[in-house]
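Q: File follows, entry-v3.txt with compact mmCIF, C-alpha atoms:
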```txt
# COMPACT_ATOMS: atom_id res chain seq x y z
CA MET A 1 22.20 13.16 66.79
CA ALA A 2 21.49 9.77 65.22
CA GLY A 3 17.75 10.32 65.54
CA THR A 4 18.05 13.72 63.89
CA ILE A 5 20.02 12.31 60.96
CA SER A 6 17.56 9.45 60.57
CA ALA A 7 14.57 11.83 60.53
CA ALA A 8 16.30 14.06 57.98
CA ALA A 9 17.04 11.06 55.77
CA VAL A 10 13.42 9.89 55.94
CA LYS A 11 12.19 13.39 55.15
CA SER A 12 14.57 13.62 52.20
CA GLY A 13 13.44 10.22 50.93
CA ASN A 14 9.78 11.20 51.20
CA GLY A 15 10.47 14.42 49.34
CA SER A 16 12.15 12.52 46.53
CA LEU A 17 9.23 10.09 46.39
CA TYR A 18 6.70 12.92 46.18
CA LEU A 19 8.75 14.58 43.45
CA LYS A 20 8.80 11.41 41.36
CA ARG A 21 5.09 10.85 41.92
CA GLY A 22 4.33 14.44 40.94
CA GLY A 23 6.41 14.03 37.78
CA CYS A 24 4.43 10.90 36.87
CA TYR A 25 1.16 12.78 37.36
CA VAL A 26 2.35 15.63 35.16
CA VAL A 27 3.31 13.21 32.37
CA MET A 28 -0.02 11.38 32.62
CA VAL A 29 -1.99 14.63 32.50
CA PHE A 30 0.01 15.76 29.47
CA LEU A 31 -0.63 12.47 27.65
CA ALA A 32 -4.32 12.63 28.55
CA LEU A 33 -4.55 16.14 27.10
CA LEU A 34 -2.85 14.99 23.91
CA ALA A 35 -5.53 12.31 23.52
CA VAL A 36 -8.57 14.35 24.58
CA VAL A 37 -7.95 17.84 23.17
CA PRO A 38 -8.06 16.90 19.44
CA ILE A 39 -11.36 15.04 19.95
CA TYR A 40 -12.76 17.97 21.94
CA ILE A 41 -11.78 20.45 19.22
CA LEU A 42 -13.42 18.18 16.64
CA LEU A 43 -16.67 18.17 18.63
CA VAL A 44 -16.49 21.94 19.09
CA ASN A 45 -15.94 22.56 15.37
CA ALA A 46 -18.99 20.41 14.64
CA THR A 47 -21.08 23.15 16.30
CA ARG A 48 -19.39 26.13 14.59
CA SER A 49 -19.92 27.74 11.19
CA THR A 50 -17.45 27.63 8.33
CA GLU A 51 -16.49 31.28 8.92
CA GLN A 52 -15.80 30.62 12.60
CA ILE A 53 -13.70 27.57 11.79
CA ASN A 54 -11.66 29.53 9.26
CA ALA A 55 -11.13 32.30 11.85
CA GLY A 56 -9.15 29.98 14.14
CA ILE A 57 -9.34 27.45 16.93
CA SER A 58 -11.86 27.92 19.71
CA LEU A 59 -12.49 25.91 22.85
CA LEU A 60 -16.06 27.19 23.23
CA PRO A 61 -18.91 25.43 21.37
CA GLY A 62 -20.88 27.34 18.79
CA SER A 63 -24.59 27.46 17.98
CA ASN A 64 -24.48 26.35 14.35
CA ILE A 65 -25.12 22.65 14.82
CA ALA A 66 -28.62 22.73 13.23
CA TYR A 67 -27.29 24.40 10.08
CA ASN A 68 -24.37 21.97 9.94
CA TRP A 69 -26.77 19.04 10.25
CA ASN A 70 -28.87 20.34 7.35
CA ALA A 71 -25.75 20.90 5.26
CA LEU A 72 -24.65 17.38 6.12
CA THR A 73 -27.90 15.61 5.28
CA ASN A 74 -28.46 17.65 2.11
CA ARG A 75 -25.27 16.17 0.67
CA GLY A 76 -26.81 12.70 0.58
CA PHE A 77 -25.15 11.58 3.80
CA GLN A 78 -27.12 8.42 4.59
CA ILE A 79 -26.15 8.36 8.23
CA TRP A 80 -28.42 5.54 9.43
CA GLN A 81 -27.49 3.31 6.52
CA GLY A 82 -23.84 4.00 7.23
CA PHE A 83 -24.37 3.22 10.91
CA PHE A 84 -26.01 -0.09 10.07
CA ASN A 85 -23.31 -1.11 7.58
CA SER A 86 -20.47 -0.17 9.92
CA PHE A 87 -22.11 -1.85 12.92
CA TYR A 88 -22.86 -5.02 10.97
CA LEU A 89 -19.30 -5.30 9.67
CA ALA A 90 -17.74 -4.46 13.03
CA ILE A 91 -19.84 -7.05 14.90
CA MET A 92 -19.28 -9.82 12.34
CA MET A 93 -15.55 -9.17 11.97
CA THR A 94 -15.09 -8.98 15.73
CA ALA A 95 -17.10 -12.12 16.47
CA PHE A 96 -15.46 -14.27 13.80
CA GLY A 97 -11.97 -12.93 14.38
CA VAL A 98 -11.90 -13.26 18.16
CA TYR A 99 -13.67 -16.63 18.38
CA PHE A 100 -11.59 -18.45 15.78
CA SER A 101 -8.40 -16.79 17.02
CA ALA A 102 -9.23 -18.07 20.50
CA MET A 103 -9.77 -21.55 19.08
CA THR A 104 -6.42 -21.39 17.25
CA ALA A 105 -4.62 -20.17 20.36
CA TYR A 106 -6.20 -22.98 22.38
CA GLY A 107 -5.09 -25.59 19.85
CA LEU A 108 -1.53 -24.29 19.78
CA GLN A 109 -1.33 -24.18 23.56
CA VAL A 110 -3.01 -27.47 24.50
CA TYR A 111 -2.30 -29.94 21.69
CA ASP A 112 1.18 -31.31 21.00
CA PHE A 113 1.33 -32.16 17.30
CA LYS A 114 4.00 -32.27 14.64
CA GLY A 115 4.66 -28.92 13.05
CA ARG A 116 3.29 -26.90 15.93
CA LYS A 117 6.45 -24.84 16.29
CA LEU A 118 6.60 -24.29 12.53
CA LEU A 119 2.96 -23.17 12.48
CA TRP A 120 3.63 -20.79 15.37
CA ALA A 121 6.63 -19.35 13.52
CA VAL A 122 4.49 -18.82 10.41
CA ILE A 123 1.87 -16.97 12.48
CA LEU A 124 4.54 -14.70 13.95
CA LEU A 125 5.97 -14.07 10.48
CA ILE A 126 2.56 -13.15 9.10
CA MET A 127 2.07 -10.73 11.98
CA MET A 128 5.33 -8.93 11.16
CA LEU A 129 4.57 -8.52 7.43
CA PRO A 130 2.56 -5.46 6.33
CA SER A 131 -0.88 -6.40 5.05
CA THR A 132 -0.49 -4.04 2.08
CA LEU A 133 2.13 -6.35 0.55
CA SER A 134 -0.50 -8.93 -0.36
CA PHE A 135 -3.39 -6.59 -1.06
CA ILE A 136 -3.02 -6.55 -4.85
CA GLY A 137 -3.00 -10.33 -5.00
CA PHE A 138 -5.94 -10.43 -2.59
CA TYR A 139 -7.92 -8.04 -4.79
CA GLN A 140 -7.22 -10.09 -7.91
CA PHE A 141 -8.21 -13.28 -6.08
CA MET A 142 -11.50 -11.75 -4.93
CA ALA A 143 -12.16 -10.49 -8.46
CA LYS A 144 -11.71 -14.00 -9.88
CA LEU A 145 -14.10 -15.36 -7.26
CA ARG A 146 -16.56 -12.57 -8.15
CA LEU A 147 -16.77 -11.45 -4.54
CA LEU A 148 -16.16 -7.76 -5.16
CA ASN A 149 -18.78 -5.32 -3.91
CA SER A 150 -19.75 -7.68 -1.07
CA TYR A 151 -18.96 -8.00 2.62
CA ILE A 152 -17.56 -11.53 2.35
CA PRO A 153 -13.95 -10.43 1.55
CA LEU A 154 -14.11 -8.15 4.59
CA ILE A 155 -15.49 -10.67 7.10
CA VAL A 156 -13.94 -14.03 6.21
CA PRO A 157 -10.22 -12.98 6.23
CA THR A 158 -10.59 -11.67 9.79
CA ILE A 159 -10.71 -15.30 10.93
CA ALA A 160 -6.93 -15.42 10.37
CA SER A 161 -5.83 -12.72 12.84
CA ALA A 162 -2.21 -13.38 13.77
CA GLY A 163 -1.98 -10.61 16.36
CA THR A 164 -5.09 -11.82 18.18
CA VAL A 165 -3.78 -15.40 18.20
CA LEU A 166 -0.48 -14.22 19.68
CA PHE A 167 -2.18 -12.26 22.47
CA LEU A 168 -4.64 -15.03 23.37
CA ARG A 169 -2.03 -17.78 23.36
CA GLN A 170 0.24 -15.81 25.67
CA TYR A 171 -2.74 -15.24 27.93
CA LEU A 172 -3.58 -18.96 27.97
CA ALA A 173 0.02 -19.81 28.79
CA SER A 174 -0.27 -17.74 31.97
CA VAL A 175 -3.72 -18.72 33.26
CA LEU A 176 -4.81 -22.07 31.76
CA SER A 177 -4.25 -25.18 33.85
CA MET A 178 -3.98 -28.50 32.01
CA GLU A 179 -5.44 -30.23 35.07
CA LEU A 180 -8.70 -28.44 34.30
CA ILE A 181 -8.69 -29.77 30.73
CA ASP A 182 -7.80 -33.29 31.86
CA ALA A 183 -10.59 -33.26 34.45
CA ALA A 184 -13.11 -32.24 31.79
CA ARG A 185 -11.95 -35.04 29.50
CA ILE A 186 -12.19 -37.61 32.31
CA ASP A 187 -15.76 -36.49 32.95
CA GLY A 188 -16.57 -37.24 29.31
CA SER A 189 -16.61 -33.73 27.91
CA GLY A 190 -15.84 -33.49 24.19
CA GLU A 191 -13.15 -31.19 22.85
CA TYR A 192 -15.52 -28.58 21.46
CA ARG A 193 -17.61 -28.58 24.61
CA THR A 194 -14.48 -28.26 26.74
CA PHE A 195 -13.38 -25.29 24.69
CA ASN A 196 -16.75 -23.54 24.65
CA MET A 197 -17.89 -24.27 28.21
CA ILE A 198 -14.63 -24.28 30.17
CA VAL A 199 -11.84 -22.51 28.29
CA LEU A 200 -13.80 -19.56 26.89
CA PRO A 201 -14.92 -18.33 30.35
CA VAL A 202 -11.28 -18.45 31.44
CA MET A 203 -10.30 -16.36 28.41
CA THR A 204 -13.06 -13.77 28.90
CA PRO A 205 -10.83 -10.81 29.98
CA ALA A 206 -8.37 -11.31 27.11
CA MET A 207 -11.15 -11.86 24.58
CA ALA A 208 -12.95 -8.74 25.80
CA ALA A 209 -9.80 -6.69 25.28
CA GLN A 210 -9.35 -8.08 21.77
CA CYS A 211 -13.03 -7.44 21.01
CA ILE A 212 -12.46 -3.76 21.74
CA PHE A 213 -9.37 -3.57 19.53
CA SER A 214 -11.09 -5.49 16.74
CA PHE A 215 -14.32 -3.47 16.92
CA VAL A 216 -12.53 -0.12 16.81
CA GLY A 217 -10.26 -1.29 13.98
CA SER A 218 -13.19 -2.62 11.98
CA TRP A 219 -15.26 0.51 12.54
CA ASN A 220 -12.43 2.79 11.41
CA ASN A 221 -11.38 0.60 8.48
CA PHE A 222 -11.50 2.67 5.31
CA PHE A 223 -8.96 1.46 2.78
CA THR A 224 -10.10 -2.14 2.28
CA PRO A 225 -13.86 -1.40 1.99
CA PHE A 226 -13.12 1.58 -0.25
CA VAL A 227 -11.26 -0.64 -2.72
CA LEU A 228 -13.60 -3.65 -2.62
CA ILE A 229 -17.03 -1.97 -2.39
CA SER A 230 -18.49 0.24 -5.11
CA ASP A 231 -22.20 0.31 -4.21
CA THR A 232 -22.97 3.43 -2.17
CA LYS A 233 -25.74 1.58 -0.31
CA LYS A 234 -23.05 -0.66 1.21
CA TYR A 235 -20.74 2.18 2.21
CA THR A 236 -19.60 2.36 5.82
CA LEU A 237 -19.46 5.58 7.83
CA PRO A 238 -15.76 6.30 7.08
CA MET A 239 -16.50 5.86 3.39
CA LEU A 240 -19.47 8.21 3.57
CA VAL A 241 -17.43 10.82 5.42
CA GLN A 242 -14.87 11.01 2.62
CA MET A 243 -17.73 11.93 0.26
CA LEU A 244 -18.40 15.13 2.23
CA ARG A 245 -16.66 17.46 -0.16
CA GLY A 246 -17.70 21.00 -0.91
CA ASP A 247 -18.86 22.28 -4.24
CA ILE A 248 -16.88 24.73 -6.37
CA TYR A 249 -18.22 27.76 -4.51
CA ARG A 250 -18.26 26.83 -0.83
CA THR A 251 -17.05 24.07 1.44
CA GLU A 252 -19.15 23.50 4.55
CA TYR A 253 -16.44 22.61 7.02
CA GLY A 254 -18.95 22.62 9.86
CA GLY A 255 -20.95 19.87 8.18
CA ILE A 256 -17.79 17.90 7.48
CA TYR A 257 -16.68 18.15 11.10
CA LEU A 258 -20.16 17.09 12.22
CA GLY A 259 -20.04 14.06 9.94
CA ILE A 260 -16.67 13.03 11.36
CA ALA A 261 -17.92 13.60 14.92
CA VAL A 262 -20.98 11.46 14.31
CA SER A 263 -18.81 8.65 12.97
CA ILE A 264 -16.58 8.51 16.06
CA VAL A 265 -19.24 8.90 18.77
CA PRO A 266 -20.12 5.16 18.79
CA ILE A 267 -16.42 4.33 19.20
CA LEU A 268 -16.10 6.67 22.18
CA ILE A 269 -19.18 5.19 23.83
CA PHE A 270 -18.06 1.62 23.21
CA TYR A 271 -14.54 2.28 24.43
CA ALA A 272 -15.71 4.15 27.54
CA PHE A 273 -18.01 1.27 28.44
CA MET A 274 -15.50 -1.53 27.80
CA SER A 275 -12.14 0.05 28.68
CA ARG A 276 -11.97 -1.73 32.04
CA PHE A 277 -11.74 -5.06 30.22
CA ILE A 278 -8.61 -3.86 28.40
CA ILE A 279 -6.83 -3.23 31.69
CA SER A 280 -7.92 -6.51 33.27
CA GLY A 281 -7.07 -8.49 30.14
CA ILE A 282 -3.58 -7.06 29.78
CA THR A 283 -2.68 -7.29 33.48
CA MET A 284 -3.99 -10.82 33.94
CA GLY A 285 -2.32 -11.99 30.73
CA GLY A 286 0.99 -10.46 31.74
CA VAL A 287 1.31 -12.16 35.14
CA LYS A 288 2.36 -15.78 35.44
CA GLU A 289 1.62 -17.52 38.70
```
Give the structure from the file, written as structure tokens.
A:
Amino acid sequence: MAGTISAAAVKSGNGSLYLKRGGCYVVMVFLALLAVVPIYILLVNATRSTEQINAGISLLPGSNIAYNWNALTNRGFQIWQGFFNSFYLAIMMTAFGVYFSAMTAYGLQVYDFKGRKLLWAVILLIMMLPSTLSFIGFYQFMAKLRLLNSYIPLIVPTIASAGTVLFLRQYLASVLSMELIDAARIDGSGEYRTFNMIVLPVMTPAMAAQCIFSFVGSWNNFFTPFVLISDTKKYTLPMLVQMLRGDIYRTEYGGIYLGIAVSIVPILIFYAFMSRFIISGITMGGVKE
């Protein structure tokens, strides 16, 4: 009798475990569909005609991509120039932002100086404030410096990235050993060499994750470049996409969808290639040994 009750209890427990696991799978599939389906519909509409798009949603690709491409390029859509401008800005903003944020996080974590806690509190406060609050003052300041219509106001401010500093410092607090720093100093290594040759390799997973976030954010950034840049030759892809408006007689929605699809393809490729670093960076930074 006892063996029968024990077997029934184990069977019931396994059934409950399978039910919970199945529920988790259902939720994950649902969330995956929410993320993938809109992008898939966007790519499908890029191959359909304006009449087909107006007729309703379809999950099957069309055969109108050549016409949409001609309609897109005939509107003055300088795709390769936009690619170059977006890629240049994304690379520069990512490199400057992540490197100097890593240096700031290292200084806050390793060095014990007066005002460190106050500086850390200021960084956290800046992170909680919306960036739009200071945008008018920032625009006026850039106008006085005569830096409008250039990439400098877009690249240089990324050095002060409060969110990146927060993430990297928390990561350092969990993985960095001060014995490693002390050993490097005893061996005669300078502070900059210690940071570049010893600390940066330790921070590689977290920095890779932040590079992905920074690259995607920089690539999709529209508002700030749209306000600061007026020369169409310096427009990024998101800025060029917003110029894809129809004339008074006809709006080529297929061409517009194709322009949007072209602008997000590099992000999808970059994210698909680097997504494993996001997982490793978050998990390693969230575990303290």
Q: Have a look at A:Ile264, A:Ala272, A:Ala206, A:Ile41 and name the one nearest to Tyr99 in chain A; count only C-alpha atoms.
A: A:Ala206
Q: Please identify every residue of range 208-278 of chain A that has at least one atom no farther than 8 Å from an atom of range 46-61 of chain A, counting only C-alpha atoms, and for each give the shortest atom pair and the distance in Å to one decimal, arranged by chain then increasing number, as a tab-separated table.
A:
```
residue	atom	partner	partner_atom	distance
A:Thr251	CA	A:Thr50	CA	7.8
A:Glu252	CA	A:Thr50	CA	5.9
A:Tyr253	CA	A:Thr50	CA	5.3
A:Gly254	CA	A:Ala46	CA	5.3
A:Gly255	CA	A:Ala46	CA	6.8
A:Ile256	CA	A:Ala46	CA	7.7
A:Tyr257	CA	A:Ala46	CA	4.8
A:Leu258	CA	A:Ala46	CA	4.3
A:Gly259	CA	A:Ala46	CA	8.0
A:Ala261	CA	A:Ala46	CA	6.9
```
Q: So how far away is CA of Gly217 in chain A from CA of Gln242 in chain A, in Å?
A: 17.4 Å
Q: Give the answer as one residue: which of A:Gly22, A:Pro225, A:Gly190, A:Pro38 has the shortest atom-to-atom distance to Tyr151 in chain A, using all atoms listed in the file?
A: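 For Tyr151 in chain A, the nearest of the given residues is A:Pro225.
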Q: Just checking: using only C-alpha atoms, which residue out of A:Ile267, A:Ile136, A:Leu118, A:Ala66 ends up closest to Ser214 in chain A?
A: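 Residue with the minimum atom-to-atom distance to Ser214 in chain A: A:Ile267.
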Q: Within 12 Å of Ala143 in chain A, counting all atoms listed in the file, which residues qualify if same-chain residues fewer than 5 places away don't, as a ChimeraX atom specification?
A: /A:136-138,148-150,153,227-229
Q: What does the distance between CA of Lys234 in chain A and CA of Val156 in chain A come to in Å, to one decimal place?
A: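 For CA of Lys234 in chain A relative to CA of Val156 in chain A, the distance reads 16.9 Å.
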Q: List as a count of residues only the protein and nucleic acid residues near range 195-198 of chain A, meaning an atom at most 10 Å away when only C-alpha atoms are counted, but skip any in the same chain fewer than 4 places from it.
A: 13
Q: Which is closer to Val262 in chain A than all the others in A:Trp69, A:Phe141, A:Phe135, A:Phe113, using only C-alpha atoms?
A: A:Trp69
Q: Select, from A:Leu129, A:Met239, A:Ala162, A:Val265, the residue with the minimum atom-to-atom distance to Phe226 in chain A, counting only C-alpha atoms.
A: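 Of A:Leu129, A:Met239, A:Ala162, A:Val265, the one nearest Phe226 in chain A is A:Met239, counting only C-alpha atoms.
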Q: Hey, which of A:Ser131, A:Asn70, A:Ser230, A:Thr236 ends up closest to Tyr88 in chain A? Count all atoms listed in the file.
A: A:Thr236
Q: In Å, rounded to a single decimal, give me how far CA of Arg21 in chain A is from CA of Phe273 in chain A.
A: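 Separation of CA of Phe273 in chain A and CA of Arg21 in chain A: 28.4 Å.
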Q: Could you give me, as a PyMOL selection string, the residues within 12 Å of Trp219 in chain A, counting only C-alpha atoms and dropping anything in the same chain fewer than 5 positions from it?
A: chain A and resi 82-94+154+211-214+224-225+235-239+263-268+270
